[in-house]
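This is entry_22.cif. It holds mmCIF, C-alpha atoms (C1' of nucleotides).
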data_start
loop_
_atom_site.label_atom_id
_atom_site.label_comp_id
_atom_site.auth_asym_id
_atom_site.auth_seq_id
_atom_site.Cartn_x
_atom_site.Cartn_y
_atom_site.Cartn_z
CA MET N 565 9.47 15.32 0.34
CA GLU N 566 7.92 11.99 1.18
CA LEU N 567 10.37 9.41 2.34
CA HIS N 568 8.43 6.26 1.58
CA GLU N 569 9.76 4.05 4.31
CA PRO N 570 7.43 1.06 4.28
CA ASP N 571 6.42 -1.20 7.10
CA LEU N 572 8.80 -4.11 6.77
CA THR N 573 6.04 -6.67 7.13
CA ALA N 574 4.41 -5.18 4.05
CA VAL N 575 7.47 -5.77 1.87
CA PRO N 576 7.66 -9.11 0.04
CA VAL N 577 10.65 -11.22 0.98
CA THR N 578 11.65 -11.28 -2.64
CA SER N 579 11.95 -7.48 -2.63
CA VAL N 580 14.23 -7.56 0.38
CA LEU N 581 16.37 -10.19 -1.28
CA ALA N 582 16.39 -8.32 -4.58
CA ALA N 583 17.52 -5.18 -2.80
CA LEU N 584 20.45 -7.11 -1.37
CA ALA N 585 21.26 -8.86 -4.64
CA ASP N 586 23.36 -6.07 -6.09
CA ASP N 587 27.03 -5.36 -5.53
CA VAL N 588 26.73 -1.64 -5.00
CA ARG N 589 23.81 -1.96 -2.61
CA LEU N 590 25.46 -4.78 -0.71
CA GLN N 591 28.51 -2.61 -0.19
CA ILE N 592 26.30 0.19 1.08
CA VAL N 593 24.61 -2.18 3.52
CA ARG N 594 27.96 -3.53 4.63
CA THR N 595 29.22 -0.02 5.26
CA LEU N 596 26.11 0.85 7.23
CA ALA N 597 26.34 -2.32 9.27
CA GLU N 598 29.91 -1.50 10.29
CA GLY N 599 29.93 2.25 10.40
CA GLY N 600 26.43 3.12 11.50
CA GLU N 601 24.58 6.16 10.22
CA SER N 602 26.29 7.70 7.21
CA ALA N 603 25.70 10.50 4.73
CA CYS N 604 24.66 9.52 1.21
CA GLY N 605 27.77 11.08 -0.21
CA SER N 606 30.02 8.82 1.78
CA PHE N 607 29.17 5.89 -0.45
CA ASP N 608 31.48 6.27 -3.37
CA PHE N 609 31.57 2.92 -5.09
CA GLY N 610 32.41 4.04 -8.59
CA VAL N 611 28.94 5.06 -9.66
CA SER N 612 27.52 8.50 -10.39
CA LYS N 613 25.53 10.30 -7.75
CA ALA N 614 22.37 9.71 -9.73
CA THR N 615 22.96 5.98 -9.60
CA ARG N 616 23.87 6.12 -5.94
CA SER N 617 20.67 7.98 -5.22
CA HIS N 618 18.79 5.29 -7.11
CA HIS N 619 20.33 2.47 -5.07
CA LEU N 620 19.61 4.25 -1.81
CA ARG N 621 16.02 4.58 -2.86
CA VAL N 622 15.78 0.88 -3.64
CA LEU N 623 17.17 0.06 -0.22
CA ARG N 624 14.83 2.47 1.48
CA GLU N 625 11.74 1.25 -0.35
CA ALA N 626 12.63 -2.35 0.40
CA GLY N 627 12.53 -1.43 4.07
CA LEU N 628 16.24 -1.88 4.66
CA THR N 629 17.16 1.66 5.59
CA ARG N 630 15.83 4.84 7.11
CA THR N 631 16.80 8.30 6.01
CA ARG N 632 16.66 11.63 7.81
CA ALA N 633 17.62 15.09 6.67
CA ALA N 634 20.53 16.86 8.31
CA GLY N 635 21.16 20.23 6.76
CA THR N 636 21.97 19.76 3.13
CA SER N 637 22.93 16.12 3.70
CA ARG N 638 20.88 13.04 4.37
CA LEU N 639 21.82 10.48 6.91
CA VAL N 640 21.06 6.86 6.19
CA ARG N 641 20.98 4.01 8.66
CA LEU N 642 20.19 0.30 8.61
CA ARG N 643 16.91 -0.89 10.09
CA ARG N 644 18.83 -3.64 11.81
CA ASP N 645 16.58 -4.33 14.75
CA GLU N 646 13.48 -4.69 12.62
CA LEU N 647 15.30 -6.80 10.06
CA ASP N 648 16.75 -9.09 12.70
CA ARG N 649 13.33 -9.49 14.24
CA LEU N 650 11.56 -10.32 10.99
CA TYR N 651 14.37 -12.23 9.30
CA PRO N 652 16.59 -13.49 12.10
CA GLY N 653 19.99 -14.44 10.76
CA LEU N 654 19.56 -12.95 7.32
CA LEU N 655 21.82 -9.95 7.67
CA ASP N 656 24.41 -11.86 9.64
CA ALA N 657 24.52 -14.56 7.00
CA VAL N 658 24.76 -12.13 4.13
CA LEU N 659 27.23 -9.74 5.70
CA GLY N 660 29.50 -12.31 7.24
CA THR N 661 31.11 -12.84 3.88
CA ARG N 662 33.99 -11.47 1.87
CA THR N 663 33.19 -8.66 -0.55
CA SER N 664 32.29 -10.73 -3.55
CA ALA N 665 32.97 -14.42 -3.47
CA MET B 29 24.78 -33.24 -20.50
CA GLU B 30 26.90 -31.15 -18.21
CA LEU B 31 25.15 -30.21 -15.04
CA HIS B 32 27.12 -27.14 -14.06
CA GLU B 33 26.85 -27.39 -10.33
CA PRO B 34 29.37 -24.89 -9.06
CA ASP B 35 31.35 -24.91 -5.87
CA LEU B 36 29.27 -22.76 -3.56
CA THR B 37 32.27 -20.79 -2.40
CA ALA B 38 32.83 -19.73 -6.01
CA VAL B 39 29.38 -18.19 -6.33
CA PRO B 40 29.05 -14.49 -5.41
CA VAL B 41 26.65 -13.82 -2.55
CA THR B 42 24.72 -11.52 -4.83
CA SER B 43 24.05 -14.44 -7.19
CA VAL B 44 22.70 -16.57 -4.37
CA LEU B 45 20.46 -13.71 -3.26
CA ALA B 46 19.36 -12.99 -6.82
CA ALA B 47 18.44 -16.65 -7.27
CA LEU B 48 16.21 -16.42 -4.20
CA ALA B 49 14.73 -13.07 -5.19
CA ASP B 50 12.01 -14.44 -7.44
CA ASP B 51 8.60 -15.73 -6.47
CA VAL B 52 8.63 -18.85 -8.58
CA ARG B 53 12.13 -19.84 -7.51
CA LEU B 54 11.38 -19.13 -3.88
CA GLN B 55 8.37 -21.42 -4.07
CA ILE B 56 10.54 -24.12 -5.59
CA VAL B 57 13.07 -23.74 -2.79
CA ARG B 58 10.32 -23.80 -0.21
CA THR B 59 8.92 -26.99 -1.69
CA LEU B 60 12.34 -28.60 -1.72
CA ALA B 61 13.00 -27.56 1.86
CA GLU B 62 9.81 -29.21 3.01
CA GLY B 63 9.41 -32.10 0.65
CA GLY B 64 12.97 -33.13 -0.07
CA GLU B 65 14.08 -34.40 -3.47
CA SER B 66 11.46 -33.76 -6.13
CA ALA B 67 11.04 -34.18 -9.86
CA CYS B 68 11.18 -31.03 -11.99
CA GLY B 69 7.65 -31.62 -13.17
CA SER B 70 6.27 -31.44 -9.65
CA PHE B 71 6.80 -27.70 -9.57
CA ASP B 72 3.75 -26.37 -11.25
CA PHE B 73 3.49 -22.74 -10.28
CA GLY B 74 1.63 -21.41 -13.26
CA VAL B 75 4.54 -21.10 -15.65
CA SER B 76 5.35 -23.07 -18.76
CA LYS B 77 7.80 -25.93 -18.61
CA ALA B 78 10.33 -23.84 -20.50
CA THR B 79 10.17 -21.20 -17.81
CA ARG B 80 10.32 -23.78 -15.06
CA SER B 81 13.39 -25.29 -16.65
CA HIS B 82 14.95 -21.84 -16.75
CA HIS B 83 14.34 -21.22 -13.06
CA LEU B 84 15.73 -24.60 -12.11
CA ARG B 85 18.84 -23.78 -14.08
CA VAL B 86 19.23 -20.47 -12.26
CA LEU B 87 18.93 -22.22 -8.92
CA ARG B 88 21.38 -24.91 -9.93
CA GLU B 89 23.96 -22.47 -11.27
CA ALA B 90 23.68 -20.35 -8.16
CA GLY B 91 24.69 -23.40 -6.19
CA LEU B 92 21.35 -23.83 -4.46
CA THR B 93 20.36 -27.21 -5.86
CA ARG B 94 21.73 -30.45 -7.21
CA THR B 95 20.13 -32.45 -9.98
CA ARG B 96 20.39 -36.10 -10.94
CA ALA B 97 18.80 -38.05 -13.72
CA ALA B 98 16.26 -40.74 -12.93
CA GLY B 99 14.82 -42.33 -16.01
CA THR B 100 13.11 -39.69 -18.05
CA SER B 101 12.77 -37.45 -15.02
CA ARG B 102 15.26 -35.38 -13.11
CA LEU B 103 15.35 -35.19 -9.39
CA VAL B 104 16.27 -31.92 -7.75
CA ARG B 105 17.32 -31.38 -4.15
CA LEU B 106 18.43 -28.46 -2.00
CA ARG B 107 22.10 -28.19 -1.06
CA ARG B 108 21.00 -27.43 2.46
CA ASP B 109 24.05 -28.57 4.38
CA GLU B 110 26.45 -26.60 2.25
CA LEU B 111 24.23 -23.54 2.30
CA ASP B 112 23.80 -23.67 6.05
CA ARG B 113 27.53 -24.02 6.49
CA LEU B 114 28.42 -21.10 4.24
CA TYR B 115 25.46 -18.86 5.03
CA PRO B 116 24.24 -19.95 8.43
CA GLY B 117 20.72 -18.71 9.03
CA LEU B 118 20.04 -17.55 5.50
CA LEU B 119 17.67 -20.28 4.42
CA ASP B 120 15.92 -20.37 7.77
CA ALA B 121 15.38 -16.63 7.66
CA VAL B 122 14.13 -16.64 4.11
CA LEU B 123 11.94 -19.73 4.35
CA GLY B 124 10.46 -18.99 7.72
CA THR B 125 8.06 -16.58 6.09
CA ARG B 126 4.62 -16.58 4.57
CA THR B 127 4.43 -17.02 0.84
CA SER B 128 4.66 -13.41 -0.16
CA ALA B 129 4.39 -10.77 2.54
"C1'" DG V 449 21.42 37.83 -3.29
"C1'" DG V 450 24.85 34.87 -4.91
"C1'" DT V 451 27.68 30.72 -4.67
"C1'" DG V 452 28.88 26.17 -3.41
"C1'" DT V 453 27.46 21.66 -1.54
"C1'" DT V 454 24.40 17.77 -1.36
"C1'" DG V 455 20.88 15.08 -3.15
"C1'" DT V 456 16.83 14.05 -6.10
"C1'" DT V 457 14.32 13.69 -10.38
"C1'" DC V 458 13.93 13.33 -15.33
"C1'" DG V 459 14.56 11.33 -19.68
"C1'" DA V 460 17.37 8.21 -22.40
"C1'" DT V 461 20.18 4.25 -23.11
"C1'" DT V 462 21.68 -0.27 -22.35
"C1'" DA V 463 21.75 -4.71 -20.12
"C1'" DT V 464 19.50 -8.24 -17.74
"C1'" DT V 465 15.83 -11.18 -16.88
"C1'" DG V 466 11.21 -13.56 -17.11
"C1'" DT V 467 8.20 -15.56 -20.23
"C1'" DC V 468 6.51 -18.30 -24.01
"C1'" DG V 469 5.89 -21.67 -28.04
"C1'" DA V 470 8.18 -24.74 -30.88
"C1'" DA V 471 11.72 -27.84 -31.85
"C1'" DC V 472 14.64 -31.20 -30.06
"C1'" DA V 473 16.70 -35.13 -27.00
"C1'" DA V 474 16.50 -39.09 -23.99
"C1'" DG V 475 13.92 -42.79 -21.80
"C1'" DG V 476 10.32 -46.10 -20.94
"C1'" DG V 477 6.64 -48.59 -22.33
"C1'" DT V 478 3.89 -51.59 -25.51
"C1'" DA F 147 9.55 -49.47 -34.26
"C1'" DC F 148 6.26 -46.28 -32.43
"C1'" DC F 149 4.50 -43.28 -29.14
"C1'" DC F 150 4.19 -40.87 -24.91
"C1'" DT F 151 6.30 -38.55 -21.06
"C1'" DT F 152 9.79 -35.50 -19.24
"C1'" DG F 153 13.01 -31.93 -19.76
"C1'" DT F 154 16.20 -28.87 -22.26
"C1'" DT F 155 17.42 -25.52 -25.75
"C1'" DC F 156 16.46 -21.97 -29.09
"C1'" DG F 157 14.88 -17.66 -30.72
"C1'" DA F 158 11.83 -13.92 -29.78
"C1'" DC F 159 9.52 -10.65 -27.10
"C1'" DA F 160 8.24 -7.90 -22.98
"C1'" DA F 161 9.23 -6.13 -18.62
"C1'" DT F 162 12.77 -4.65 -15.22
"C1'" DA F 163 16.57 -2.67 -13.73
"C1'" DA F 164 21.27 -0.24 -13.84
"C1'" DT F 165 23.54 3.55 -15.50
"C1'" DC F 166 24.45 8.27 -16.89
"C1'" DG F 167 24.29 13.52 -17.66
"C1'" DA F 168 21.65 17.43 -17.05
"C1'" DA F 169 18.32 20.02 -14.77
"C1'" DC F 170 16.35 21.04 -10.49
"C1'" DA F 171 15.60 21.76 -5.19
"C1'" DA F 172 17.07 22.70 -0.48
"C1'" DC F 173 20.18 24.36 2.53
"C1'" DA F 174 24.30 26.81 4.48
"C1'" DC F 175 27.40 30.46 4.40
"C1'" DC F 176 29.47 34.75 3.13
#
Taking this structure as input, can you express it in the form of structure tokens?
Amino acid sequence: MELHEPDLTAVPVTSVLAALADDVRLQIVRTLAEGGESACGSFDFGVSKATRSHHLRVLREAGLTRTRAAGTSRLVRLRRDELDRLYPGLLDAVLGTRTSA
Amino acid sequence: MELHEPDLTAVPVTSVLAALADDVRLQIVRTLAEGGESACGSFDFGVSKATRSHHLRVLREAGLTRTRAAGTSRLVRLRRDELDRLYPGLLDAVLGTRTSA
DNA sequence: GGTGTTGTTCGATTATTGTCGAACAAGGGT
DNA sequence: ACCCTTGTTCGACAATAATCGAACAACACC
């Protein structure tokens, strides 16, 4: 299985923003920012596992997360350092906000 | 004509991000950030005026811009202060990047 | 080998969004 | 009054994207 984790500098800004511009994905990112590495299954935000898998793929392909296998699970983590380096202040600005206002 | 310029705190973060997650709109925002108040017609990024009008509406309704009439033109400006107050670092992070990499 | 758990992939469906031309509205000249 | 410029609005259409269930793959464990 190829993980397709792009070089962040090769991802258009608009793709990064689009990846963040969705409620489910933003909640995933929020969870990762607070809780660190988490299993895919731990993100239960009222969508099916197919949909969840889809959102995790969008995040990964936008360069926001990295994924590694761990037994039958997969652990996902935020690429915080890289993101902060390339877009300083972005994550802080986006995450420092209430869930949906 | 009602301008529909919402209170920024009433706009979901995802809507702000979605408004920025488009090439044409990002170019408009970039232009406004550098050039200050500009007429709608000055944004010629290869789309029809109908499309341009649409994008300016999206930006306005996401709370990113304000518009005022000036004769037959309309002048648009970034709501920079408010944006920087509510999402400190967001605009800097997003705009401090090459056009599309 | 069989069973259960965890994810991914494959259509299919639906909703959203970008795009355009054409029609319309509001102003400013002359 | 007439015309030109500047924008907006109205369908319509095409492209994207979100969502789901079902089928599949990989692994662990008994």
Neighbours of chain F in chain N at 10 Å, counting all atoms listed in the file, as a VMD selection string: chain N and resid 586 611 to 616 618 to 619 634 to 637
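By all atoms listed in the file, and with residues fewer than 6 positions from range 566-576 of chain N along its chain excluded, the set lying at most 8 Å from it is Arg624, Glu625, Ala626, Gly627, Thr629, Arg630, Thr631, Glu646, Leu647 and Leu650 of chain N; Ser128 and Ala129 of chain B.
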Contact table chain N vs chain B, cut-off 10 Å, shortest pair per residue, only C-alpha atoms, as JSON lines:
{"residue": "N:Leu572", "atom": "CA", "partner": "B:Ala129", "partner_atom": "CA", "distance": 9.0}
{"residue": "N:Thr573", "atom": "CA", "partner": "B:Ala129", "partner_atom": "CA", "distance": 6.4}
{"residue": "N:Ala574", "atom": "CA", "partner": "B:Ala129", "partner_atom": "CA", "distance": 5.8}
{"residue": "N:Val575", "atom": "CA", "partner": "B:Ala129", "partner_atom": "CA", "distance": 5.9}
{"residue": "N:Pro576", "atom": "CA", "partner": "B:Ala129", "partner_atom": "CA", "distance": 4.4}
{"residue": "N:Val577", "atom": "CA", "partner": "B:Ala129", "partner_atom": "CA", "distance": 6.5}
{"residue": "N:Thr578", "atom": "CA", "partner": "B:Ala49", "partner_atom": "CA", "distance": 4.4}
{"residue": "N:Ser579", "atom": "CA", "partner": "B:Ala49", "partner_atom": "CA", "distance": 6.7}
{"residue": "N:Val580", "atom": "CA", "partner": "B:Ala49", "partner_atom": "CA", "distance": 7.9}
{"residue": "N:Leu581", "atom": "CA", "partner": "B:Ala49", "partner_atom": "CA", "distance": 5.1}
{"residue": "N:Ala582", "atom": "CA", "partner": "B:Ala49", "partner_atom": "CA", "distance": 5.1}
{"residue": "N:Ala583", "atom": "CA", "partner": "B:Ala49", "partner_atom": "CA", "distance": 8.7}
{"residue": "N:Leu584", "atom": "CA", "partner": "B:Leu45", "partner_atom": "CA", "distance": 6.9}
{"residue": "N:Ala585", "atom": "CA", "partner": "B:Thr42", "partner_atom": "CA", "distance": 4.4}
{"residue": "N:Asp586", "atom": "CA", "partner": "B:Thr42", "partner_atom": "CA", "distance": 5.8}
{"residue": "N:Asp587", "atom": "CA", "partner": "B:Thr42", "partner_atom": "CA", "distance": 6.6}
{"residue": "N:Arg589", "atom": "CA", "partner": "B:Thr42", "partner_atom": "CA", "distance": 9.9}
{"residue": "N:Leu590", "atom": "CA", "partner": "B:Thr42", "partner_atom": "CA", "distance": 7.9}
{"residue": "N:Asp648", "atom": "CA", "partner": "B:Ala121", "partner_atom": "CA", "distance": 9.2}
{"residue": "N:Arg649", "atom": "CA", "partner": "B:Ala121", "partner_atom": "CA", "distance": 9.9}
{"residue": "N:Leu650", "atom": "CA", "partner": "B:Ala121", "partner_atom": "CA", "distance": 8.1}
{"residue": "N:Tyr651", "atom": "CA", "partner": "B:Ala121", "partner_atom": "CA", "distance": 4.8}
{"residue": "N:Pro652", "atom": "CA", "partner": "B:Ala121", "partner_atom": "CA", "distance": 5.6}
{"residue": "N:Gly653", "atom": "CA", "partner": "B:Gly117", "partner_atom": "CA", "distance": 4.7}
{"residue": "N:Leu654", "atom": "CA", "partner": "B:Leu118", "partner_atom": "CA", "distance": 5.0}
{"residue": "N:Leu655", "atom": "CA", "partner": "B:Leu118", "partner_atom": "CA", "distance": 8.1}
{"residue": "N:Asp656", "atom": "CA", "partner": "B:Gly117", "partner_atom": "CA", "distance": 7.8}
{"residue": "N:Ala657", "atom": "CA", "partner": "B:Tyr115", "partner_atom": "CA", "distance": 4.8}
{"residue": "N:Val658", "atom": "CA", "partner": "B:Tyr115", "partner_atom": "CA", "distance": 6.8}
{"residue": "N:Leu659", "atom": "CA", "partner": "B:Val41", "partner_atom": "CA", "distance": 9.2}
{"residue": "N:Gly660", "atom": "CA", "partner": "B:Tyr115", "partner_atom": "CA", "distance": 8.0}
{"residue": "N:Thr661", "atom": "CA", "partner": "B:Val41", "partner_atom": "CA", "distance": 7.9}
{"residue": "N:Arg662", "atom": "CA", "partner": "B:Val41", "partner_atom": "CA", "distance": 8.9}
{"residue": "N:Thr663", "atom": "CA", "partner": "B:Val41", "partner_atom": "CA", "distance": 8.6}
{"residue": "N:Ser664", "atom": "CA", "partner": "B:Pro40", "partner_atom": "CA", "distance": 5.3}
{"residue": "N:Ala665", "atom": "CA", "partner": "B:Pro40", "partner_atom": "CA", "distance": 4.4}
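CA of Ser70 in chain B lies 23.1 Å from C1' of DA471 in chain V.
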message: Please find the residues of chain V near chain B - the criterion being any atom within 8 Å, counting only C-alpha atoms (C1' of nucleotides) - and write them as a PyMOL selection string.
response: chain V and resi 466-468+474-476
Starting from the displayed file, determine the output of the PyMOL selection byres ((chain B and resi 106) around 9) and express the residue list as a PDB file with C-alpha atoms, keeping the file's coordinate frame.
ATOM      1  CA  VAL B  57      13.070 -23.740  -2.790  1.00  0.00           C
ATOM      2  CA  LEU B  60      12.340 -28.600  -1.720  1.00  0.00           C
ATOM      3  CA  ALA B  61      13.000 -27.560   1.860  1.00  0.00           C
ATOM      4  CA  GLY B  64      12.970 -33.130  -0.070  1.00  0.00           C
ATOM      5  CA  GLU B  65      14.080 -34.400  -3.470  1.00  0.00           C
ATOM      6  CA  LEU B  92      21.350 -23.830  -4.460  1.00  0.00           C
ATOM      7  CA  THR B  93      20.360 -27.210  -5.860  1.00  0.00           C
ATOM      8  CA  ARG B  94      21.730 -30.450  -7.210  1.00  0.00           C
ATOM      9  CA  VAL B 104      16.270 -31.920  -7.750  1.00  0.00           C
ATOM     10  CA  ARG B 105      17.320 -31.380  -4.150  1.00  0.00           C
ATOM     11  CA  ARG B 107      22.100 -28.190  -1.060  1.00  0.00           C
ATOM     12  CA  ARG B 108      21.000 -27.430   2.460  1.00  0.00           C
ATOM     13  CA  ASP B 109      24.050 -28.570   4.380  1.00  0.00           C
ATOM     14  CA  LEU B 111      24.230 -23.540   2.300  1.00  0.00           C
TER      15      LEU B 111
END
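With CA of Ala633 in chain N on one side and CA of Leu620 in chain N on the other, the separation reads 13.9 Å.
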query: C1' of DG469 in chain V and CA of Ser66 in chain B, how far apart in Å?
result: 25.6 Å
message: Just checking: using all atoms listed in the file, which residue out of V:DG450, V:DG455, V:DA460, V:DT465 ends up closest to Val86 in chain B?
response: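 Of V:DG450, V:DG455, V:DA460, V:DT465, the one nearest Val86 in chain B is V:DT465, counting all atoms listed in the file.
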Give the padded box for range 459-477 of chain V as lines of an AutoDock Vina configuration file: axis-aligned, covering all atoms listed in the file, 6 Å on each side, centre and edge lengths in Å to one decimal.
center_x = 13.8
center_y = -18.6
center_z = -24.4
size_x = 27.9
size_y = 71.9
size_z = 27.0
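Distances from N:Asp608, N:Leu623, N:Arg638, N:Glu598 to DT456 in chain V were compared using all atoms listed in the file, and the smallest one belongs to N:Arg638.
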